[in-house]
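J.: First, the structure itself, so that you have it in front of you.
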Amino acid sequence: MHTPPLRFSAPTTDRVSGTTTPPLAVVFEPGPRRVLAQVHGEIDMDNAQELRRDLTAALDSSACGLDIDLSGVTFCDCAALHVLLRLNQQALSAGKTLALTALSLRTARLLQITQTRPVFTMRDRSSRDAAGAGAPTTLDDWAPGLYRPPGRK
């Protein structure tokens, strides 16, 4: 099984504001049936395609699918959502699954605002077993107290 190596992108500096964007890092942990990808940093249109290529390679190298830990993501926008949606579609087409194992408040909010949370399988990372199946979990497990409109649980 070939899994992409640990991948870091270089920090970038905005030419207008002069601010430096933290790098994006992805750490891959191959398992017997699934690959775990831990994503850290900011996901935006400058690095989304590179992230997509790396996650696609990890999905392709796995027997059953890909688990993605997004707890280390400090910024994400529609480019990040697009990567996740396309990757989920690729997994389903290949007879595999894509599961999100942890969300940062930023990623949880993005899924909530766009109402795309139900599209993704959520799996508790701590319960990954040899078959790669973990217990489904809820958004509240990762983002307690996340704003919910009145009347919604």
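By convention in this document, the chains of the structure tokens carry letters A, B, ... by their order, each chain's residues are numbered from 1, and ligands are numbered from 1 in the order they are shown.
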I'd like to know which residues of segment 33-83 of chain A are strand (DSSP E or B) (by DSSP, run on the backbone); could you write them as JSON, numbers by chain?
T.: {"A": [34, 35, 36, 37, 38, 39, 40, 41, 42, 43, 65, 66, 67, 68, 69, 70, 71, 72, 73, 74, 75, 76]}
J.: Can you tell me, as a list in words, what residues are no more than 7 Å from segment 61-67 of chain A when counting only C-alpha atoms, ignoring any on the same chain fewer than 2 positions away?
T.: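 The residues that qualify are Met1, His2, Thr3, Arg33, Arg34, Val35, Leu36, Ala37, Ala57, Ala58, Leu59, Asp69, Ala91, Lys96, Thr97, Leu98, Ala99, Leu100 and Thr101 of chain A.
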J.: Quick one: residues within 10 Å of Cys76 of chain A, only C-alpha atoms counted, chain neighbours fewer than 2 positions away excluded, as a list of chain:residue names?
T.: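 Near neighbours after the sequence-gap exclusion: A:Gly41, A:Glu42, A:Ile43, A:Asp44, A:Met45, A:Ala48, A:Val73, A:Thr74, A:Cys78, A:Ala79, A:Ala80, A:Leu81, A:Ser104, A:Arg106, A:Thr107, A:Arg109, A:Leu110.
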J.: So that I have them on file, write out the residues from the current selection with C-alpha atoms, as a compact mmCIF listing (two decimals), in the first residue's frame.
T.:
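Wrote it out as selection.txt, contents follow:
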# COMPACT_ATOMS: atom_id res chain seq x y z
CA GLY A 41 -3.41 24.67 9.26
CA GLU A 42 -5.41 26.70 6.77
CA ILE A 43 -7.21 25.35 3.73
CA ASP A 44 -7.95 27.88 1.04
CA MET A 45 -7.90 28.17 -2.73
CA ALA A 48 -6.81 23.16 -1.86
CA VAL A 73 -7.75 23.15 10.72
CA THR A 74 -7.63 26.82 11.71
CA CYS A 78 -15.54 26.94 0.13
CA ALA A 79 -12.35 25.53 -1.44
CA ALA A 80 -12.01 23.16 1.54
CA LEU A 81 -15.65 22.17 1.28
CA SER A 104 -12.36 22.00 14.41
CA ARG A 106 -14.15 26.28 11.86
CA THR A 107 -14.84 23.11 9.87
CA ARG A 109 -19.26 25.77 11.29
CA LEU A 110 -18.60 25.48 7.54
J.: Taking the DSSP secondary structure from the backbone, can you list the residues of segment 54-103 of chain A that are helix (DSSP H, G or I), as a list in words?
T.: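 Selection result, helix (DSSP H, G or I) within segment 54-103 of chain A: Asp54, Leu55, Thr56, Ala57, Ala58, Leu59, Asp60, Ser61, Cys78, Ala79, Ala80, Leu81, His82, Val83, Leu84, Leu85, Arg86, Leu87, Asn88, Gln89, Gln90, Ala91, Leu92 and Ser93 of chain A.
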J.: Just checking: using only C-alpha atoms, which residue out of A:Gly72, A:Pro30, A:Gly95, A:Pro23 ends up closest to Asn47 of chain A?
T.: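 Closest candidate: A:Pro23.
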J.: Nearest residue to Val83 of chain A out of A:Thr114, A:Gln49, A:Thr121, A:Ser71, using only C-alpha atoms?
T.: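 Closest candidate: A:Gln49.
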J.: Enter the distance from atom CA of Met122 of chain A to atom CA of Leu87 of chain A, in Å, rounded to one decimal.
T.: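 Here the two named atoms are 14.6 Å from each other.
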J.: For Leu24 of chain A, which residue among A:Asp60, A:Asp124, A:Glu50, A:Asp77 is the nearest when counting only C-alpha atoms?
T.: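 Looking at the shortest contact to Leu24 of chain A, the residue is A:Glu50.
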